[in-house]
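Structure file upload_3.cif; described as mmCIF, C-alpha atoms.
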```
data_entry
#
loop_
_atom_site.group_PDB
_atom_site.id
_atom_site.type_symbol
_atom_site.label_atom_id
_atom_site.label_comp_id
_atom_site.auth_asym_id
_atom_site.auth_seq_id
_atom_site.Cartn_x
_atom_site.Cartn_y
_atom_site.Cartn_z
ATOM 1 C CA MET A 1066 41.771 87.986 61.846
ATOM 2 C CA ASP A 1067 44.495 90.013 60.080
ATOM 3 C CA VAL A 1068 43.680 93.031 62.237
ATOM 4 C CA LEU A 1069 43.933 90.909 65.363
ATOM 5 C CA THR A 1070 47.273 89.456 64.208
ATOM 6 C CA ARG A 1071 48.666 92.892 63.412
ATOM 7 C CA GLY A 1072 47.474 94.176 66.769
ATOM 8 C CA THR A 1073 49.126 91.266 68.567
ATOM 9 C CA THR A 1074 52.377 91.796 66.637
ATOM 10 C CA THR A 1075 52.372 95.496 67.433
ATOM 11 C CA GLU A 1076 51.736 94.780 71.090
ATOM 12 C CA ARG A 1077 54.618 92.285 71.157
ATOM 13 C CA ARG A 1078 56.935 94.837 69.591
ATOM 14 C CA ARG A 1079 55.945 97.408 72.175
ATOM 15 C CA THR A 1080 56.486 94.903 74.959
ATOM 16 C CA ALA A 1081 59.885 93.888 73.581
ATOM 17 C CA ARG A 1082 60.902 97.504 73.223
ATOM 18 C CA ALA A 1083 59.741 98.258 76.760
ATOM 19 C CA ARG A 1084 61.740 95.319 78.092
ATOM 20 C CA LEU A 1085 64.838 96.410 76.204
ATOM 21 C CA GLY A 1086 64.371 99.929 77.521
ATOM 22 C CA ALA A 1087 64.106 98.574 81.054
ATOM 23 C CA ALA A 1088 67.254 96.505 80.524
ATOM 24 C CA ILE A 1089 69.125 99.548 79.293
ATOM 25 C CA ALA A 1090 67.881 101.555 82.263
ATOM 26 C CA ALA A 1091 69.098 98.813 84.603
ATOM 27 C CA LEU A 1092 72.410 98.725 82.767
ATOM 28 C CA ALA A 1093 72.679 102.457 83.293
ATOM 29 C CA THR A 1094 73.069 101.871 87.011
ATOM 30 C CA VAL A 1095 76.356 100.051 86.543
ATOM 31 C CA LEU A 1096 77.850 101.928 83.604
ATOM 32 C CA PRO A 1097 79.990 104.964 84.185
ATOM 33 C CA SER A 1098 78.184 107.522 82.049
ATOM 34 C CA ALA A 1099 74.714 106.298 82.598
ATOM 35 C CA ALA A 1100 72.270 109.160 82.281
ATOM 36 C CA GLY A 1101 74.283 110.885 79.577
ATOM 37 C CA ALA A 1102 76.183 112.500 82.384
ATOM 38 C CA ASP A 1103 79.602 114.042 82.379
ATOM 39 C CA PRO A 1104 82.048 111.432 80.990
ATOM 40 C CA LEU A 1105 84.618 112.647 83.517
ATOM 41 C CA ASP A 1106 82.363 111.699 86.434
ATOM 42 C CA HIS A 1107 83.892 108.217 86.505
ATOM 43 C CA VAL A 1108 87.398 109.569 86.994
ATOM 44 C CA SER A 1109 86.573 112.651 89.060
ATOM 45 C CA GLN A 1110 87.207 112.688 92.792
ATOM 46 C CA HIS A 1111 84.068 112.302 94.911
ATOM 47 C CA GLU A 1112 84.267 113.723 98.392
ATOM 48 C CA LEU A 1113 83.250 111.469 101.289
ATOM 49 C CA VAL A 1114 84.543 113.301 104.367
ATOM 50 C CA SER A 1115 85.757 116.909 104.605
ATOM 51 C CA ILE A 1116 86.556 119.469 107.272
ATOM 52 C CA PRO A 1117 86.250 123.273 107.099
ATOM 53 C CA ALA A 1118 89.550 125.072 106.502
ATOM 54 C CA ASP A 1119 90.791 128.432 105.298
ATOM 55 C CA LEU A 1120 94.240 128.159 103.719
ATOM 56 C CA GLY A 1121 93.823 130.866 101.124
ATOM 57 C CA PHE A 1122 94.196 129.755 97.520
ATOM 58 C CA LEU A 1123 94.880 126.181 98.677
ATOM 59 C CA THR A 1124 91.253 125.858 99.848
ATOM 60 C CA PRO A 1125 89.095 127.727 97.333
ATOM 61 C CA GLU A 1126 85.969 125.948 98.611
ATOM 62 C CA GLY A 1127 86.802 126.576 102.260
ATOM 63 C CA LYS A 1128 87.360 122.927 103.153
ATOM 64 C CA ILE A 1129 89.863 120.088 103.047
ATOM 65 C CA THR A 1130 88.904 116.666 101.732
ATOM 66 C CA VAL A 1131 89.924 114.117 104.349
ATOM 67 C CA LEU A 1132 88.467 111.063 102.606
ATOM 68 C CA SER A 1133 87.346 110.547 99.025
ATOM 69 C CA ASP A 1134 86.706 107.630 96.685
ATOM 70 C CA ILE A 1135 90.218 108.055 95.266
ATOM 71 C CA ILE A 1136 91.792 107.859 98.725
ATOM 72 C CA VAL A 1137 89.683 104.797 99.532
ATOM 73 C CA MET A 1138 90.902 103.031 96.390
ATOM 74 C CA MET A 1139 94.523 103.702 97.340
ATOM 75 C CA PHE A 1140 93.870 102.228 100.784
ATOM 76 C CA VAL A 1141 92.223 99.215 99.143
ATOM 77 C CA ALA A 1142 95.220 98.737 96.847
ATOM 78 C CA ALA A 1143 97.642 98.924 99.783
ATOM 79 C CA PHE A 1144 95.495 96.515 101.813
ATOM 80 C CA LEU A 1145 95.362 93.968 98.987
ATOM 81 C CA LEU A 1146 99.119 94.123 98.509
ATOM 82 C CA VAL A 1147 99.803 93.680 102.226
ATOM 83 C CA LEU A 1148 97.286 90.840 102.417
ATOM 84 C CA PHE A 1149 98.188 88.780 99.354
ATOM 85 C CA LEU A 1150 101.838 89.424 98.423
ATOM 86 C CA PRO A 1151 103.326 87.915 101.621
ATOM 87 C CA ARG A 1152 101.127 84.846 101.190
ATOM 88 C CA MET A 1153 102.220 84.438 97.583
ATOM 89 C CA VAL A 1154 105.888 84.781 98.525
ATOM 90 C CA ARG A 1155 105.611 82.044 101.168
ATOM 91 C CA ARG A 1156 104.277 79.429 98.741
ATOM 92 C CA ARG A 1157 106.955 76.752 98.323
ATOM 93 C CA LYS A 1158 107.275 73.319 96.708
ATOM 94 C CA GLY A 1159 107.876 71.509 99.980
ATOM 95 C CA THR A 1160 108.923 71.741 103.589
ATOM 96 C CA ASP A 1161 112.322 70.069 103.264
ATOM 97 C CA GLU A 1162 115.577 71.980 102.897
ATOM 98 C CA VAL A 1163 115.429 72.060 99.102
ATOM 99 C CA GLY A 1164 111.658 72.479 98.794
ATOM 100 C CA ARG A 1165 111.676 75.608 100.933
ATOM 101 C CA LEU A 1166 113.917 77.285 98.344
ATOM 102 C CA VAL A 1167 111.716 76.475 95.340
ATOM 103 C CA PRO A 1168 108.666 78.725 94.767
ATOM 104 C CA SER A 1169 105.356 77.339 93.558
ATOM 105 C CA GLY A 1170 102.136 78.774 92.134
ATOM 106 C CA GLY A 1171 101.906 82.536 92.300
ATOM 107 C CA ALA A 1172 105.259 82.750 94.041
ATOM 108 C CA THR A 1173 106.947 81.613 90.820
ATOM 109 C CA LEU A 1174 105.432 84.479 88.834
ATOM 110 C CA LEU A 1175 106.102 86.975 91.606
ATOM 111 C CA GLU A 1176 109.727 85.917 91.933
ATOM 112 C CA ALA A 1177 110.217 86.144 88.165
ATOM 113 C CA ILE A 1178 108.829 89.700 88.129
ATOM 114 C CA CYS A 1179 110.959 90.786 91.082
ATOM 115 C CA TRP A 1180 114.067 89.179 89.589
ATOM 116 C CA TYR A 1181 113.509 90.963 86.274
ATOM 117 C CA PHE A 1182 113.107 94.347 87.923
ATOM 118 C CA ARG A 1183 116.226 93.868 90.028
ATOM 119 C CA GLU A 1184 118.629 92.363 87.493
ATOM 120 C CA ASP A 1185 117.427 93.667 84.121
ATOM 121 C CA LEU A 1186 115.891 97.014 85.014
ATOM 122 C CA ALA A 1187 117.363 98.385 88.231
ATOM 123 C CA ARG A 1188 120.937 97.053 88.255
ATOM 124 C CA PRO A 1189 121.997 98.641 84.928
ATOM 125 C CA LEU A 1190 120.687 101.987 86.240
ATOM 126 C CA LEU A 1191 121.502 101.894 89.962
ATOM 127 C CA HIS A 1192 124.667 99.758 89.903
ATOM 128 C CA GLU A 1193 125.999 99.292 93.438
ATOM 129 C CA HIS A 1194 122.881 100.945 94.898
ATOM 130 C CA THR A 1195 120.501 98.363 93.425
ATOM 131 C CA ASP A 1196 119.905 96.316 96.566
ATOM 132 C CA ARG A 1197 119.446 99.472 98.588
ATOM 133 C CA PHE A 1198 116.593 100.821 96.421
ATOM 134 C CA ILE A 1199 115.071 97.691 94.890
ATOM 135 C CA LYS A 1200 112.347 97.434 97.543
ATOM 136 C CA PHE A 1201 111.245 100.947 96.668
ATOM 137 C CA ILE A 1202 111.205 100.024 92.970
ATOM 138 C CA TRP A 1203 109.122 96.907 93.643
ATOM 139 C CA THR A 1204 106.698 98.873 95.804
ATOM 140 C CA VAL A 1205 106.187 101.520 93.126
ATOM 141 C CA PHE A 1206 105.434 98.930 90.443
ATOM 142 C CA PHE A 1207 103.016 96.766 92.393
ATOM 143 C CA PHE A 1208 101.183 99.730 93.912
ATOM 144 C CA VAL A 1209 100.672 101.554 90.605
ATOM 145 C CA LEU A 1210 99.691 98.306 88.860
ATOM 146 C CA THR A 1211 97.130 97.399 91.546
ATOM 147 C CA VAL A 1212 95.586 100.877 91.487
ATOM 148 C CA ASN A 1213 95.404 100.770 87.685
ATOM 149 C CA LEU A 1214 93.676 97.376 87.644
ATOM 150 C CA LEU A 1215 91.225 98.304 90.404
ATOM 151 C CA GLY A 1216 90.177 101.257 88.289
ATOM 152 C CA LEU A 1217 88.923 98.886 85.584
ATOM 153 C CA LEU A 1218 86.295 97.439 87.928
ATOM 154 C CA PRO A 1219 82.845 99.138 87.964
ATOM 155 C CA ILE A 1220 83.031 99.625 91.728
ATOM 156 C CA GLY A 1221 82.090 103.295 91.565
ATOM 157 C CA SER A 1222 78.938 102.741 89.513
ATOM 158 C CA LEU A 1223 77.830 99.873 91.741
ATOM 159 C CA SER A 1224 78.455 101.831 94.933
ATOM 160 C CA THR A 1225 76.055 104.568 93.815
ATOM 161 C CA GLN A 1226 73.224 102.093 94.410
ATOM 162 C CA PHE A 1227 74.041 102.325 98.114
ATOM 163 C CA GLY A 1228 73.971 106.102 98.236
ATOM 164 C CA THR A 1229 77.722 106.683 98.056
ATOM 165 C CA HIS A 1230 80.519 106.753 95.501
ATOM 166 C CA VAL A 1231 83.553 104.571 96.144
ATOM 167 C CA GLY A 1232 85.713 103.456 93.255
ATOM 168 C CA GLY A 1233 87.448 104.765 90.178
ATOM 169 C CA THR A 1234 91.051 104.962 89.071
ATOM 170 C CA ALA A 1235 93.267 106.788 91.543
ATOM 171 C CA THR A 1236 96.041 107.152 88.951
ATOM 172 C CA ALA A 1237 93.597 109.017 86.692
ATOM 173 C CA ASN A 1238 93.791 111.844 89.229
ATOM 174 C CA LEU A 1239 96.623 114.310 88.620
ATOM 175 C CA TRP A 1240 97.031 114.993 92.360
ATOM 176 C CA VAL A 1241 97.733 111.297 92.956
ATOM 177 C CA THR A 1242 100.243 110.907 90.140
ATOM 178 C CA GLY A 1243 101.793 114.218 91.168
ATOM 179 C CA ALA A 1244 102.217 112.953 94.735
ATOM 180 C CA LEU A 1245 103.844 109.758 93.451
ATOM 181 C CA ALA A 1246 106.173 111.833 91.279
ATOM 182 C CA LEU A 1247 107.061 114.042 94.264
ATOM 183 C CA VAL A 1248 108.041 110.916 96.200
ATOM 184 C CA THR A 1249 110.425 110.098 93.359
ATOM 185 C CA LEU A 1250 111.794 113.664 93.401
ATOM 186 C CA THR A 1251 112.365 113.431 97.149
ATOM 187 C CA MET A 1252 114.217 110.143 96.723
ATOM 188 C CA MET A 1253 116.337 111.706 93.986
ATOM 189 C CA VAL A 1254 117.355 114.829 95.905
ATOM 190 C CA VAL A 1255 117.792 113.317 99.367
ATOM 191 C CA ASN A 1256 119.773 110.308 98.217
ATOM 192 C CA GLY A 1257 121.712 112.316 95.645
ATOM 193 C CA ILE A 1258 122.997 114.576 98.427
ATOM 194 C CA ARG A 1259 123.404 111.613 100.776
ATOM 195 C CA PHE A 1260 125.644 109.592 98.460
ATOM 196 C CA GLY A 1261 127.154 112.280 96.271
ATOM 197 C CA GLY A 1262 127.510 115.336 98.449
ATOM 198 C CA THR A 1263 128.997 118.106 96.322
ATOM 199 C CA SER A 1264 129.123 115.767 93.322
ATOM 200 C CA TYR A 1265 125.349 115.839 93.180
ATOM 201 C CA PHE A 1266 125.317 119.625 92.864
ATOM 202 C CA ALA A 1267 128.219 119.543 90.405
ATOM 203 C CA HIS A 1268 126.096 117.932 87.712
ATOM 204 C CA PHE A 1269 123.982 121.100 87.596
ATOM 205 C CA ASN A 1270 127.017 122.790 86.054
ATOM 206 C CA PRO A 1271 129.403 120.333 84.343
ATOM 207 C CA SER A 1272 131.701 123.100 83.062
ATOM 208 C CA PRO A 1273 135.360 123.236 84.236
ATOM 209 C CA ARG A 1274 136.054 125.144 87.462
ATOM 210 C CA ARG A 1275 138.930 127.052 85.851
ATOM 211 C CA PRO A 1276 138.903 129.848 84.930
ATOM 212 C CA ARG A 1277 136.564 130.927 87.712
ATOM 213 C CA ALA A 1278 134.908 133.679 85.642
ATOM 214 C CA LEU A 1279 133.865 131.167 82.981
ATOM 215 C CA PHE A 1280 132.586 128.786 85.667
ATOM 216 C CA TRP A 1281 130.292 131.410 87.202
ATOM 217 C CA ILE A 1282 129.055 132.609 83.818
ATOM 218 C CA MET A 1283 128.210 129.044 82.829
ATOM 219 C CA SER A 1284 126.533 128.495 86.198
ATOM 220 C CA LEU A 1285 124.172 131.386 85.522
ATOM 221 C CA LEU A 1286 123.217 129.713 82.250
ATOM 222 C CA LEU A 1287 123.252 126.006 83.092
ATOM 223 C CA VAL A 1288 121.986 125.796 86.668
ATOM 224 C CA PRO A 1289 118.510 127.226 85.888
ATOM 225 C CA VAL A 1290 118.275 124.940 82.849
ATOM 226 C CA GLU A 1291 119.197 121.866 84.912
ATOM 227 C CA ILE A 1292 116.702 122.784 87.632
ATOM 228 C CA ILE A 1293 113.963 123.256 85.047
ATOM 229 C CA GLY A 1294 114.994 119.943 83.478
ATOM 230 C CA THR A 1295 114.671 118.123 86.800
ATOM 231 C CA ILE A 1296 111.243 119.627 87.441
ATOM 232 C CA SER A 1297 110.213 118.744 83.875
ATOM 233 C CA LYS A 1298 111.169 115.101 84.442
ATOM 234 C CA ILE A 1299 108.936 114.896 87.493
ATOM 235 C CA ALA A 1300 106.093 116.741 85.744
ATOM 236 C CA ALA A 1301 106.333 114.386 82.761
ATOM 237 C CA LEU A 1302 106.341 111.399 85.112
ATOM 238 C CA ALA A 1303 103.076 112.554 86.697
ATOM 239 C CA ILE A 1304 101.322 113.729 83.532
ATOM 240 C CA ARG A 1305 102.215 110.637 81.489
ATOM 241 C CA LEU A 1306 100.583 108.246 83.951
ATOM 242 C CA PHE A 1307 97.606 110.552 84.529
ATOM 243 C CA ALA A 1308 96.892 111.144 80.826
ATOM 244 C CA ASN A 1309 97.159 107.505 79.792
ATOM 245 C CA MET A 1310 94.913 106.274 82.580
ATOM 246 C CA ILE A 1311 92.207 108.904 82.149
ATOM 247 C CA ALA A 1312 92.053 108.626 78.352
ATOM 248 C CA GLY A 1313 90.725 105.071 78.229
ATOM 249 C CA HIS A 1314 88.079 105.685 80.874
ATOM 250 C CA VAL A 1315 86.779 108.791 79.138
ATOM 251 C CA LEU A 1316 86.687 106.953 75.798
ATOM 252 C CA LEU A 1317 84.669 104.099 77.337
ATOM 253 C CA ALA A 1318 82.268 106.531 78.976
ATOM 254 C CA VAL A 1319 81.689 108.408 75.715
ATOM 255 C CA LEU A 1320 81.157 105.170 73.764
ATOM 256 C CA ILE A 1321 78.596 103.918 76.272
ATOM 257 C CA SER A 1322 76.755 107.242 76.200
ATOM 258 C CA PHE A 1323 76.060 106.590 72.506
ATOM 259 C CA ILE A 1324 73.862 103.647 73.513
ATOM 260 C CA PHE A 1325 71.412 105.785 75.439
ATOM 261 C CA SER A 1326 71.239 108.402 72.697
ATOM 262 C CA ALA A 1327 70.580 105.715 70.080
ATOM 263 C CA TRP A 1328 67.836 103.998 72.076
ATOM 264 C CA ALA A 1329 66.121 107.325 72.533
ATOM 265 C CA THR A 1330 65.934 107.586 68.732
ATOM 266 C CA SER A 1331 64.618 104.194 67.599
ATOM 267 C CA LEU A 1332 64.730 100.462 68.276
ATOM 268 C CA VAL A 1333 66.772 99.664 65.160
ATOM 269 C CA ALA A 1334 69.308 102.425 65.812
ATOM 270 C CA GLY A 1335 69.563 101.393 69.453
ATOM 271 C CA ALA A 1336 70.222 97.738 68.600
ATOM 272 C CA GLY A 1337 72.784 98.580 65.912
ATOM 273 C CA ILE A 1338 74.664 101.152 67.958
ATOM 274 C CA THR A 1339 74.628 98.882 71.017
ATOM 275 C CA LEU A 1340 76.277 96.068 69.061
ATOM 276 C CA LEU A 1341 78.969 98.372 67.706
ATOM 277 C CA VAL A 1342 79.578 99.981 71.088
ATOM 278 C CA VAL A 1343 79.829 96.610 72.868
ATOM 279 C CA LEU A 1344 82.434 95.432 70.349
ATOM 280 C CA GLY A 1345 84.326 98.710 70.589
ATOM 281 C CA ALA A 1346 84.129 98.812 74.393
ATOM 282 C CA THR A 1347 85.422 95.239 74.606
ATOM 283 C CA ALA A 1348 88.421 96.132 72.462
ATOM 284 C CA VAL A 1349 89.069 99.305 74.480
ATOM 285 C CA THR A 1350 88.790 97.382 77.766
ATOM 286 C CA LEU A 1351 91.357 94.830 76.610
ATOM 287 C CA LEU A 1352 93.584 97.710 75.566
ATOM 288 C CA GLU A 1353 93.033 99.295 78.996
ATOM 289 C CA ILE A 1354 94.282 96.130 80.713
ATOM 290 C CA PHE A 1355 97.431 96.248 78.586
ATOM 291 C CA VAL A 1356 97.858 99.970 79.296
ATOM 292 C CA ALA A 1357 97.483 99.332 83.052
ATOM 293 C CA PHE A 1358 100.495 97.009 82.987
ATOM 294 C CA LEU A 1359 102.436 99.123 80.504
ATOM 295 C CA GLN A 1360 102.055 102.391 82.417
ATOM 296 C CA ALA A 1361 102.974 100.732 85.713
ATOM 297 C CA PHE A 1362 106.155 99.455 84.045
ATOM 298 C CA ILE A 1363 106.985 102.804 82.423
ATOM 299 C CA PHE A 1364 106.446 104.713 85.668
ATOM 300 C CA THR A 1365 108.693 102.250 87.505
ATOM 301 C CA PHE A 1366 111.367 102.329 84.810
ATOM 302 C CA LEU A 1367 111.495 106.131 84.766
ATOM 303 C CA THR A 1368 111.589 106.200 88.572
ATOM 304 C CA ALA A 1369 114.612 103.887 88.555
ATOM 305 C CA LEU A 1370 116.208 105.895 85.732
ATOM 306 C CA PHE A 1371 115.843 109.264 87.457
ATOM 307 C CA LEU A 1372 116.968 107.814 90.778
ATOM 308 C CA GLY A 1373 120.022 106.274 89.120
ATOM 309 C CA GLN A 1374 120.950 109.600 87.544
ATOM 310 C CA SER A 1375 120.945 111.136 91.028
ATOM 311 C CA VAL A 1376 122.905 108.528 93.002
ATOM 312 C CA VAL A 1377 125.345 107.037 90.479
ATOM 313 C CA PHE A 1378 128.383 109.260 90.034
ATOM 314 C CA HIS A 1379 131.402 109.023 87.761
ATOM 315 C CA HIS A 1380 134.354 110.907 89.152
ATOM 316 C CA GLY A 1381 136.261 111.152 85.915
ATOM 317 C CA ASP A 1382 136.655 114.892 85.828
ATOM 318 C CA GLU A 1383 137.560 117.659 88.181
ATOM 319 C CA ALA A 1384 133.989 118.771 88.713
ATOM 320 C CA GLY A 1385 132.801 115.325 89.685
ATOM 321 C CA ALA A 1386 129.995 115.600 87.185
ATOM 322 C CA HIS A 1387 128.106 112.650 85.806
#
```

The structure in this file should be written as structure tokens.
Amino acid sequence: MDVLTRGTTTERRRTARARLGAAIAALATVLPSAAGADPLDHVSQHELVSIPADLGFLTPEGKITVLSDIIVMMFVAAFLLVLFLPRMVRRRKGTDEVGRLVPSGGATLLEAICWYFREDLARPLLHEHTDRFIKFIWTVFFFVLTVNLLGLLPIGSLSTQFGTHVGGTATANLWVTGALALVTLTMMVVNGIRFGGTSYFAHFNPSPRRPRALFWIMSLLLVPVEIIGTISKIAALAIRLFANMIAGHVLLAVLISFIFSAWATSLVAGAGITLLVVLGATAVTLLEIFVAFLQAFIFTFLTALFLGQSVVFHHGDEAGAH
């Protein structure tokens, strides 16, 4: 009887372990670093459509990626913004003259966010140019925020079940954040020249124009430094967003990979490590949500700051520097 009981208990343990193993294997299909794979796979670009091309060092693989999972996610973010933001803005308390002026539901939150960015963030930096550039500032914030939040969804891991890879965090790709930063640089230079003319170039050398010899000597020293400083601002803008968004995803992927290693060792180790990893991953995910909002705000704030430095001029000295 004891032998039969022990045999039944052993068989139950084997069955339970097999079921847990099957559950973990199923979970592997929706977790980013499932088969102990490269933790960066979740944030790496996955090519969907490409065309052959030979542009020298620009195309080391002899092709150009026309469509990838990162590009798809940016299109999805833009589509969601175009689809839902106008509907949220149109939500009003009533149809009468007063009711049409009072927002309701999501429109209240949206209006509060837009008001804050215009009055408390942009106006102190852009001054009289605030209304001219505020739509650009709003667009930057909502686009970066939407892309960040979409990256928290396991779309990429789920899409692999259909033989493709669509998903991931576009802002965890340096090319994407670099392109966004270049848009900011273009806005800075074009509008700086547009509104400041020679005053924009004067800030590259704020030294007095007299005597002329001193002015040219200082130009040789200061102009390269100012140009490097401008490029450094844009580089920092791109790298800051990229690094913060990729860090959390890699940390989650590494944590989850511990589960599979532990289950391969023993049942007890697998259960214990799984519990710890789930608690840690939950905390990291909550932190990731906060970081998604924070980095969208920081990127927008720095964009407004750099743009304000380029278009707001103080003509208090002879050089027109600011």

Review point. For Trp1240 (chain A), which residue out of A:Thr1295, A:Thr1347, A:Gln1110, A:Ser1284 is the nearest one, using all atoms listed in the file?
Key: A:Gln1110

Revision key, fill the gap. What separates CA of Ala1336 (chain A) and CA of Ile1324 (chain A) is a distance of 8.5 Å

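Distances to Leu1215 (chain A) were evaluated for A:Ala1301, A:Val1167, A:Leu1370, A:Ala1142 using only C-alpha atoms, and the minimum falls at A:Ala1142.
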
Check your understanding: What is the distance, in Å and to one decimal place, between CA of His1314 (chain A) and CA of Val1241 (chain A)?
Key ->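 The value is 16.5 Å.
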
**Study point:** Distance criterion (all atoms listed in the file): nearest to Leu1217 (chain A) out of A:Ser1169, A:Thr1242, A:Ser1375, A:Thr1350
**Key:** A:Thr1350

Review point. Can you tell me how far CA of Thr1234 (chain A) sits from CA of Thr1130 (chain A), in Å to one decimal?
Key: 17.4 Å

Taking all listed atoms of region 1320-1327 of chain A, build the axis-aligned box, pad each of the six sides by 8 Å, then write its centre and edge lengths in Å to one decimal as JSON.
```
{"center_x": 75.9, "center_y": 106.0, "center_z": 73.2, "size_x": 26.6, "size_y": 20.8, "size_z": 22.2}
```

Practice item. Would you list the contacts of Leu1166 (chain A) as a list in words, taking every protein, DNA or RNA residue within 12 Å and counting all atoms listed in the file, but skipping same-chain residues closer than 6 positions in sequence? Key: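 Returned residues: Val1154, Arg1155, Arg1156, Arg1157, Lys1158, Gly1159, Thr1160, Ala1172, Thr1173 and Glu1176 of chain A.
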
Where does region 1217-1318 of chain A meet region 1113-1117 of chain A within 9 Å, residue by residue, with the nearest atom pair and distance in Å to one decimal for each, counting all atoms listed in the file, listed by chain and rising number, as CSV?
```
residue,atom,partner,partner_atom,distance
A:Thr1229,CA,A:Leu1113,CA,8.0
A:His1230,CA,A:Leu1113,CA,7.9
A:Val1231,CA,A:Leu1113,CA,8.6
```

Practice item. For Ala1303 (chain A), work out the shell of residues within 12 Å, counting only C-alpha atoms and skipping chain neighbours fewer than 5 positions away, then give it as a ChimeraX atom specification. Key: /A:1209,1236-1250,1296-1298,1308-1310,1360-1361,1363-1365,1367-1368

Limit the output to N, CA and C atoms and give region 1228-1240 of chain A as a tab-separated table (two decimals), in the first residue's frame.
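Output contents, as saved in result_32.tsv:
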```tsv
chain	number	residue	atom	x	y	z
A	1228	GLY	N	3.97	34.24	-37.70
A	1228	GLY	CA	5.05	34.18	-38.67
A	1228	GLY	C	5.65	35.51	-39.05
A	1229	THR	N	5.45	36.54	-38.23
A	1229	THR	CA	6.03	37.85	-38.53
A	1229	THR	C	6.47	38.49	-37.22
A	1230	HIS	N	7.01	39.66	-37.28
A	1230	HIS	CA	7.41	40.38	-36.07
A	1230	HIS	C	7.02	41.84	-36.22
A	1231	VAL	N	5.94	42.22	-35.57
A	1231	VAL	CA	5.47	43.60	-35.58
A	1231	VAL	C	5.29	44.03	-34.13
A	1232	GLY	N	5.94	45.09	-33.75
A	1232	GLY	CA	5.84	45.55	-32.37
A	1232	GLY	C	7.16	46.10	-31.88
A	1233	GLY	N	7.23	46.35	-30.58
A	1233	GLY	CA	8.44	46.90	-30.00
A	1233	GLY	C	8.33	48.39	-29.78
A	1234	THR	N	9.39	48.94	-29.21
A	1234	THR	CA	9.43	50.36	-28.87
A	1234	THR	C	10.26	51.10	-29.90
A	1235	ALA	N	9.60	51.93	-30.69
A	1235	ALA	CA	10.32	52.66	-31.74
A	1235	ALA	C	11.35	53.62	-31.14
A	1236	THR	N	11.05	54.21	-29.98
A	1236	THR	CA	11.98	55.15	-29.36
A	1236	THR	C	13.15	54.45	-28.68
A	1237	ALA	N	13.17	53.12	-28.69
A	1237	ALA	CA	14.34	52.38	-28.22
A	1237	ALA	C	15.29	52.09	-29.37
A	1238	ASN	N	15.04	52.74	-30.50
A	1238	ASN	CA	15.90	52.62	-31.67
A	1238	ASN	C	16.60	53.97	-31.88
A	1239	LEU	N	17.92	53.96	-31.89
A	1239	LEU	CA	18.68	55.21	-31.96
A	1239	LEU	C	18.42	55.97	-33.27
A	1240	TRP	N	18.13	55.24	-34.37
A	1240	TRP	CA	17.83	55.92	-35.62
A	1240	TRP	C	16.55	56.74	-35.51
```
